[in-house]
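K.L.:
Mind having a look at this structure? Questions to follow.
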Amino acid sequence: MTLKEYQLVLADGETFEGEGIGAALTDDGFAAGEVVFNTVLSGYQEVITDPSYAGQIITFTYPHIGNYGVNAADDEASRPFCRGVIIRDLARRQSNWRSEEHLDDFLCRHGLAGIAGIDTRRLTRHIRDRGAMPGAFGPADHATLLGAAQAEAGTAGVDLVSLVTTKEAYTVGDGPRRIVAYDFGVKTTMLRHLGEIGTVTVVPAHTSADDVLAMNPDGVFLSNGPGDPEEAGPIVDELPKLLGKVPIFGICLGHQVLALAMGGTTYKMKFGHHGGNVPVQDSRTGKVEITAQNHNFAVEAGSVPNVTETHVCLNDEALEGLVHNDYPAFSVQYHPEAGPGPHDSTYLFEEFAQLMDDFNGKAA
Amino acid sequence: MPKRTDIHSILIIGSGPIVIGQACEFDYSGTQACRVLKEEGYRIILANSNPATIMTDPTFADATYVEPLDLSILEKIIEKEKPDAVLPTLGGQTGLNLAMELQESGVLKQHGVELIGADAEAIETAEDREKFKVAMTEIGLDCARSAIAHTMDEARAAIEQVGLPVIIRPAYILGGRGTGIAETMEEYERMAKYGLDASPISEILIEESIKGWKEYELEVMRDRADNCVIICSIENLDPMGVHTGDSITVAPAQTLTDVEYQKMRDGSFACIRRVGVETGGSNVQWAVDPESGRQIVIEMNPRVSRSSALASKATGFPIAKIAAKLAVGYTLDEIPNDITKKTPASFEPSIDYVVTKIPRWAFEKFPGTSGVLGTSMQSVGEVMAIGRTFPESLQKALRSLEQGRHGLNADPAELTLDEIPTEELTKMASIGTPDRPFQLEALLRRGVGIDDVFEATAVDPWFLDQMLMITEERAHLETLSLDTITRREWRRAKQLGFSDPQLAYLWNVTEEAVRAARLAAGVATTFKTVDTCAAEFEASTPYHYSTYEDSDEVREGEREKVIILGSGPNRIGQGIEFDYCCVHASFSLRDAGYETIMVNCNPETVSTDYDTSDRLYFEPITYEDVMDIIEREKPKGVIVSLGGQTPLKLADRLPEDLVLGTSPASIDLAEDREQWNAMCARLEIPQPAGGTAVDIDEALEITGKIGYPALVRPSYVLGGRAMEIVYDDDHLRRAMAELAGFGSLGKEGGLSAERPVLVDRFLEDATEVDVDALRDHTGDSVIGAVMEHVEEAGVHSGDSACSIPPTSLAADTIAVIEDYTRRIAEALDVKGLINVQYAVKGNQVFVIEANPRASRTVPFVAKATGVPLAKIASRIMVGSTLAELRTEGLMREPVEGDHVAVKEAVLPFNRFPEADAVLGPEMRSTGEVMGIDLTPGLAFVKSQLAAGLQLPTDGMVFLSLADRDKDVGVEAARIFTELGFTLAATSGTAAALRVAGLDVAVEVAKLGDNDGENAVDLIERGDVKLVVNSPRGRGPRADGDHIRSAAGMESVPLLTTGKAALAAARGLRDWKAHRLAVRSLQEYHAGVSIDALEAHRGDN
């Protein structure tokens, strides 16, 4: 195997040397996007296929990636939407009874480029100190890469949802309730959980409230998704029409658009939360959940009128969850479905089921 | 939830002596617990019989009981101190078992003491295998098929149901003693019987064998609000079948998908909840079928364990400290993460490096043992290494072991594998042994495919491929040279963990040349930080490891820096005592205003706790690694004389002006036989006659002059490696041949003109004496203590019991010894500690050897006398004088009082049933205990009790004595008779006893004589309560060996020297007359008079 020498250049000029992995780039080619880091120790496949990473290049802080290969069951979407992956070391040989494919083959198959051999700790510290920023990597020369990084729009003020949302509505699951799920970039694991409590009609992000209500759902679910909640399409204007009429549960981007619809504000974080080890406290019970998280934007604490803030991140006090004081609507910033990540918060799907049952007078 | 205010005082039970399966890690956890709970304002009462520990330093607890860890003794401590609570989960299996005994005997209830951390029911559910299995099945976790047996009949019935092969595990046993795999009925019968005997409750578990499966461990913490977190996942390189303590283990888990990992995590939480460990740390062990992914829960420890220590060091998350806080009521979210300061402890560490742990064994000390690893733990220590990738951390760990290896082969020792045919090598690698990693690499290097190696060894293909990367890199490096290698190639080699000595070997150049060329090419070490969070947050704790990356994270210091080199992995002869010294130096120098930098690679220790020193480098202690740190930190100096032989060996190669304390030249002078002899002659200090030899002819020439018996020993080794007493020419030839061979000793340096063998006249029946002393650069000196050994000269000082103050030496003899010591210290220009060993025969004092460094006895002396020798020594090394330290108050006079402290060694013979349980010049003990009381006899009895030797108070004493021991043995027998014991003896001994007018109830025949009962029959029948058997020569299958092994099998107390028998007899006499009272070190250090001795009033 001959090495393909690549460079990674961030928009501020910080440069790293590595080697190409995954889909080949042409000699003057590059991949560009906002560079973020994720601290999970396992679950690289789920992270790479999480549509919320649209527009971003994912740095894995754990040095060995690809150890257990890739298998179809663990995909979070039909394909990756991220722009590239940055790793320290790509496993040459994978080993796991579930493995169906080598990670490098998987990246090639999906046309996704990556760079390996990077001092990812240096990169992570840089992003931690300076904030997430655009970058570009590839065999192209330094000037080209720097130019590409600086030309990259980042994620603030960019519509990424329309890239990842489903074009057509479809149905999954066979649970007893009727759930309409807005797809802003929904993860398969999320739909698997919802499918256990309801029969889920997944609809495109731009679906109107009227169309949703016409389906006569027991509940509406707002999925995760990439980028800036302010650019998530018409949903923020549509949601007020649903509030109070049907129970709503939002996760991640779904949480942010719900908060915006309720009159709250969102902001872009310095480098976001991307990992599987984030402590969140339920302020109602004091209980701590270890959560999977993946967000660069957050809802401003105290900005949303007439809600109770139910969850807070213990690392930095970011708002992690809220429930409306009058309407049957709640949301969390983190990922209770996990995939990858801990299962501490799956109870929220039960709570959603309970909320739907209570609201619809079908309390068991 | 805030901390509990309804409890005020807490008893912490330590783990006692270092034994296989229970080492420094519990000093680490106990020290942490004492520290944080004291900070929280609780009164801390500590019980631990091990004086070498840091936790038993009187400053760590309010009342420190260095007393035997025995139910009756703990009951006395509880009666006296009336603690509100007992914390049993930080003192290993010993602490846990004692807590259970206290509970079951009703002591806790009677005194209103609460068990915190884990209650009795939880402990029982986790420890009782049947209950554990029922509990796990109840919550839907998969377990291996199994059955329980309490008798051989039950065992025979059980095997019908479970089917061979099976694994047999005795209940309530630490470190897996008595555990084994049986593949045939014959093996099954034998192992079931051994297991039933080993278990204190005669219970064994018979389980389907899952040998070859993948093995994992998760470290769990839970608080009383039921928050649970995983601190670390660990994957074993060695598949199931090798005890996890004997396995190479890697953190984090490498080959589990997130789906599988989360399932294991959920299962681990379900397990800790069901078992009912309310707060604290536990570890859950899992086996995974590589074919199907089936996960089986193996066991859980409801306490902080060896793996917890490893997980703490591997992640930076201080499990023991947090467990202690949780036990008093805090919840995880209320405790800040020390390292980030800003985030709470209620999280799961993420790491961005790979940690590899490799055990270290001591098979060479136990002739007759197979060296095969199994389900019973046999290692005596371990190393941990951190690298950015597995290959880097593996190679760093291998060179940390200090067994002459510089990494994964690519060093001279690899040649020993070259001769072995591939088929045989494959077979060898399929069995777990210390050499397995090297065998695996050799197979890969020969081109054997990963799949074939996996087939034979069950080592996961991912690990094998990572090793293959090292192998392929080596092949590439062999095509290069110092002149042709590019910067990128340098970097790649170093990133894969190649050490400079490996490269030197591959290129046939010197290590120095490699280093110079590498640095010239601009390829220098970068230091990264262990921060619990993969760099997501800024770390305030400088806990570093080396790697070869772009950026370095070491911050500049503010104060003058001192580097302290630690002692590396625990081994026989070098263990916790040296960690104690290093830690004390760090505390003392920090107090004096220095920035202290610790370098060590042993994850069990207090020294590798990130808050012991200002900076911690978790690194191998080799020239290359140490120089890299020195060049980065630019310290005022380096302390090499407190960590045992490990750092001392580097003294010569480090920049001379940086070596603090006694100069390398003086260290050499003490080791170099000719210079040393000349010095002794000049000082007019007598030595036993002797000389040095590099071959058998020279050795014979020496013994021709000095006669036999002679003591033969290699130079520059610790713990009496390969030391032997020889009685004739043939014996001498055998000993020399062994030394010259490229055996285990070869790995430690071998035999050469630079490292000759020392041959000395052995003084029979002499009393051995050890002295620890201090001297400063002005020539002022202080005698720390004069210690008289209980066993005669010839038993290694580390294996011998010894007493402070001396019990039989005349005052003028002691004065001579002190005078010699000061003169030797002066002549060697010692700046710090010196240990001198003497043999006293009659009234004449001979010097045996001097070591201008910290000795194994330093912590014992400190506990006995209250003088913190190591702290003082470290200050002397940076230039303070004893006078200054006296003024400062650090240097105190030894405490007044009438107490006697006896140190006793603890030997691991029960782990090595094949080895002869006899003491000799080669050290074989793993740990030590101290007995302290107001008479030598009581202190001795306590030391024996603490060492696990329950001396009988009545019954039959069996004596079989070597001729040289007969006088002292008769004296002992006389006391035994006075105390009401009956005597049994072999014919020769019986004759001697009868001549002395003593009654011998039973006289036994020699083994093999058909007429009459022999000693083994007598012991096996259970009639004998104490065996005194001193060896004659070293015949492997001599009578004495059978007697000793019978005593071992029947768990009859065994004493192997006449002097020990006499000490025991005197102790029993004192014990009959006086109550065994408990007193804390703080009391002793304030001075306790003999008047405090409480006499029995005849009421019992």
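Following the order of the structure tokens, chains are lettered A, B, ..., residues in each are numbered from 1, and ligands are numbered from 1.
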What are the residues of chain A lining chain B at 8 Å or less? Count only C-alpha atoms, and put the answer as a VMD selection string.

P.N.:
chain A and resid 39 to 43 61 to 64 67 to 68 74 89 92 to 97 119 121 to 122 124 to 125 128 277 to 279 287 to 290 314 to 316 339 to 343

K.L.:
Go ahead and save the residues from that selection, with C-alpha atoms, as a PDB file, in the first residue's frame.

P.N.:
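Below is the file that was written, part38.pdb:
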```
ATOM      1  CA  THR A  39     -14.879  11.689  21.773  1.00  0.00           C
ATOM      2  CA  VAL A  40     -16.644   8.322  21.550  1.00  0.00           C
ATOM      3  CA  LEU A  41     -14.487   5.242  22.145  1.00  0.00           C
ATOM      4  CA  SER A  42     -16.749   2.974  20.089  1.00  0.00           C
ATOM      5  CA  GLY A  43     -19.453   3.672  17.540  1.00  0.00           C
ATOM      6  CA  THR A  61     -10.272  11.620  19.279  1.00  0.00           C
ATOM      7  CA  TYR A  62      -9.870   7.894  19.890  1.00  0.00           C
ATOM      8  CA  PRO A  63      -6.774   6.891  17.900  1.00  0.00           C
ATOM      9  CA  HIS A  64      -7.763   3.422  16.622  1.00  0.00           C
ATOM     10  CA  ASN A  67     -11.088  -2.075  14.678  1.00  0.00           C
ATOM     11  CA  TYR A  68     -14.351  -3.967  14.448  1.00  0.00           C
ATOM     12  CA  ASP A  74     -25.377  -0.295  12.613  1.00  0.00           C
ATOM     13  CA  ASP A  89      -4.941   5.335  12.878  1.00  0.00           C
ATOM     14  CA  ARG A  92      -5.648  -2.534   8.840  1.00  0.00           C
ATOM     15  CA  ARG A  93      -7.479  -5.637   9.861  1.00  0.00           C
ATOM     16  CA  GLN A  94     -10.834  -5.575  11.593  1.00  0.00           C
ATOM     17  CA  SER A  95     -12.021  -8.221  13.993  1.00  0.00           C
ATOM     18  CA  ASN A  96     -15.569  -8.800  15.117  1.00  0.00           C
ATOM     19  CA  TRP A  97     -18.107 -11.517  14.467  1.00  0.00           C
ATOM     20  CA  ASP A 119      -2.113  14.180  15.653  1.00  0.00           C
ATOM     21  CA  ARG A 121      -5.092  15.428  19.998  1.00  0.00           C
ATOM     22  CA  ARG A 122      -3.306  18.511  18.745  1.00  0.00           C
ATOM     23  CA  THR A 124      -8.781  18.631  19.158  1.00  0.00           C
ATOM     24  CA  ARG A 125      -6.984  21.003  21.489  1.00  0.00           C
ATOM     25  CA  ARG A 128     -11.266  23.364  21.804  1.00  0.00           C
ATOM     26  CA  ASN A 277     -20.078  10.520  27.881  1.00  0.00           C
ATOM     27  CA  VAL A 278     -21.890  13.762  28.654  1.00  0.00           C
ATOM     28  CA  PRO A 279     -23.518  14.012  32.092  1.00  0.00           C
ATOM     29  CA  LYS A 287     -30.722  11.890  38.626  1.00  0.00           C
ATOM     30  CA  VAL A 288     -27.733  11.970  36.278  1.00  0.00           C
ATOM     31  CA  GLU A 289     -27.867  10.396  32.844  1.00  0.00           C
ATOM     32  CA  ILE A 290     -24.790   9.754  30.763  1.00  0.00           C
ATOM     33  CA  LEU A 314     -23.281  19.222  34.135  1.00  0.00           C
ATOM     34  CA  ASN A 315     -20.121  19.967  32.187  1.00  0.00           C
ATOM     35  CA  ASP A 316     -21.039  23.477  31.095  1.00  0.00           C
ATOM     36  CA  GLY A 339     -26.587   4.746  18.572  1.00  0.00           C
ATOM     37  CA  PRO A 340     -23.869   5.132  19.476  1.00  0.00           C
ATOM     38  CA  GLY A 341     -23.926   5.806  23.156  1.00  0.00           C
ATOM     39  CA  PRO A 342     -25.329   4.875  26.510  1.00  0.00           C
ATOM     40  CA  HIS A 343     -28.914   3.736  27.027  1.00  0.00           C
TER      41      HIS A 343
END
```

K.L.:
If we count only C-alpha atoms, what is near segment 137-151 of chain A at a cut-off of 6 Å, once residues fewer than 3 positions away on the same chain are taken out, given as a list in words?

P.N.:
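The residues that qualify are Tyr6, Gln7, Leu8, Val9, Leu10, Ala11, Asp27, Asp28, Gly29, Phe30, Ala31 and Pro134 of chain A.
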
K.L.:
One decimal, in Å: what's the spacing between atom CA of Glu1020 of chain B and atom CA of Met152 of chain B?

P.N.:
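Going from atom CA of Glu1020 of chain B over to atom CA of Met152 of chain B covers 18.3 Å.
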
K.L.:
Got a sec: who's within 12 Å of Arg35 of chain B, counting only C-alpha atoms, leaving out chain neighbours fewer than 2 positions off, as an NGL selection string?

P.N.:
:B and (12 or 27-33 or 37-46 or 54-62 or 320-322 or 324-325 or 606 or 611-612)

K.L.:
With C-alpha atoms retained, write the just-selected residues as an mmCIF file, in the first residue's frame.

P.N.:
```cif
data_model
loop_
_atom_site.group_PDB
_atom_site.id
_atom_site.type_symbol
_atom_site.label_atom_id
_atom_site.label_comp_id
_atom_site.auth_asym_id
_atom_site.auth_seq_id
_atom_site.Cartn_x
_atom_site.Cartn_y
_atom_site.Cartn_z
ATOM 1 C CA ILE B 12 -10.717 1.368 57.277
ATOM 2 C CA ASP B 27 -2.164 0.753 49.548
ATOM 3 C CA TYR B 28 -3.068 3.128 46.771
ATOM 4 C CA SER B 29 -6.806 2.763 47.385
ATOM 5 C CA GLY B 30 -6.498 2.804 51.159
ATOM 6 C CA THR B 31 -4.213 5.827 51.155
ATOM 7 C CA GLN B 32 -6.695 7.668 48.948
ATOM 8 C CA ALA B 33 -9.570 6.724 51.239
ATOM 9 C CA LEU B 37 -12.158 10.993 54.457
ATOM 10 C CA LYS B 38 -9.794 12.747 56.826
ATOM 11 C CA GLU B 39 -10.139 15.887 54.722
ATOM 12 C CA GLU B 40 -13.889 15.494 55.074
ATOM 13 C CA GLY B 41 -13.448 15.722 58.816
ATOM 14 C CA TYR B 42 -14.017 12.127 59.840
ATOM 15 C CA ARG B 43 -11.892 10.469 62.482
ATOM 16 C CA ILE B 44 -10.036 7.713 60.658
ATOM 17 C CA ILE B 45 -9.043 4.488 62.306
ATOM 18 C CA LEU B 46 -6.850 2.312 60.146
ATOM 19 C CA ILE B 54 2.126 4.490 52.781
ATOM 20 C CA MET B 55 -1.323 4.362 54.343
ATOM 21 C CA THR B 56 0.144 3.230 57.686
ATOM 22 C CA ASP B 57 2.157 6.388 57.874
ATOM 23 C CA PRO B 58 0.829 7.884 61.095
ATOM 24 C CA THR B 59 -0.165 11.110 59.342
ATOM 25 C CA PHE B 60 -2.793 9.441 57.162
ATOM 26 C CA ALA B 61 -5.115 8.319 59.955
ATOM 27 C CA ASP B 62 -5.998 9.503 63.420
ATOM 28 C CA ALA B 320 -10.759 4.813 45.227
ATOM 29 C CA LYS B 321 -10.985 8.436 46.194
ATOM 30 C CA ILE B 322 -14.413 8.826 44.670
ATOM 31 C CA ALA B 324 -14.613 6.751 49.604
ATOM 32 C CA LYS B 325 -16.595 9.931 49.090
ATOM 33 C CA VAL B 606 0.717 5.493 45.293
ATOM 34 C CA ASP B 611 -1.738 13.966 43.003
ATOM 35 C CA THR B 612 1.222 12.453 44.825
#
```

K.L.:
Can you tell me which residues surround Asp6 of chain B at a distance of at most 10 Å, considering only C-alpha atoms, apart from same-chain residues fewer than 3 positions away, and format the answer as a PDB file with C-alpha atoms, in the first residue's frame?

P.N.:
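Okay, this is what ended up in around_22.pdb:
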```
ATOM      1  CA  LYS B   3     -22.062  13.824  53.121  1.00  0.00           C
ATOM      2  CA  SER B   9     -15.435   7.925  62.849  1.00  0.00           C
ATOM      3  CA  ASP B  84     -19.413   4.484  63.764  1.00  0.00           C
ATOM      4  CA  VAL B 328     -20.061   8.744  53.133  1.00  0.00           C
TER       5      VAL B 328
END
```

K.L.:
List the spatial neighbours of segment 246-248 of chain A as a ChimeraX atom specification - criterion: any atom at most 8 Å away, only C-alpha atoms, same-chain residues fewer than 6 positions off excluded.

P.N.:
/A:217-222,327-331,352,355-356,359

K.L.:
Next, write the just-selected residues to a file, as a JSON list (two decimals), in the first residue's frame, keeping C-alpha atoms as the atom set.

P.N.:
```json
[["chain", "number", "residue", "atom", "x", "y", "z"],
["A", 217, "PRO", "CA", -51.49, 11.55, 14.66],
["A", 218, "ASP", "CA", -51.33, 10.60, 18.35],
["A", 219, "GLY", "CA", -48.09, 12.45, 18.54],
["A", 220, "VAL", "CA", -45.54, 14.39, 16.51],
["A", 221, "PHE", "CA", -41.84, 13.75, 16.73],
["A", 222, "LEU", "CA", -39.15, 16.25, 15.74],
["A", 327, "TYR", "CA", -48.97, 22.13, 26.19],
["A", 328, "PRO", "CA", -48.01, 18.46, 25.86],
["A", 329, "ALA", "CA", -44.61, 19.16, 24.39],
["A", 330, "PHE", "CA", -41.10, 18.31, 25.57],
["A", 331, "SER", "CA", -37.72, 18.01, 24.07],
["A", 352, "PHE", "CA", -43.56, 10.19, 25.00],
["A", 355, "LEU", "CA", -47.84, 11.66, 27.08],
["A", 356, "MET", "CA", -49.65, 10.59, 23.95],
["A", 359, "PHE", "CA", -53.45, 13.43, 26.01]]
```
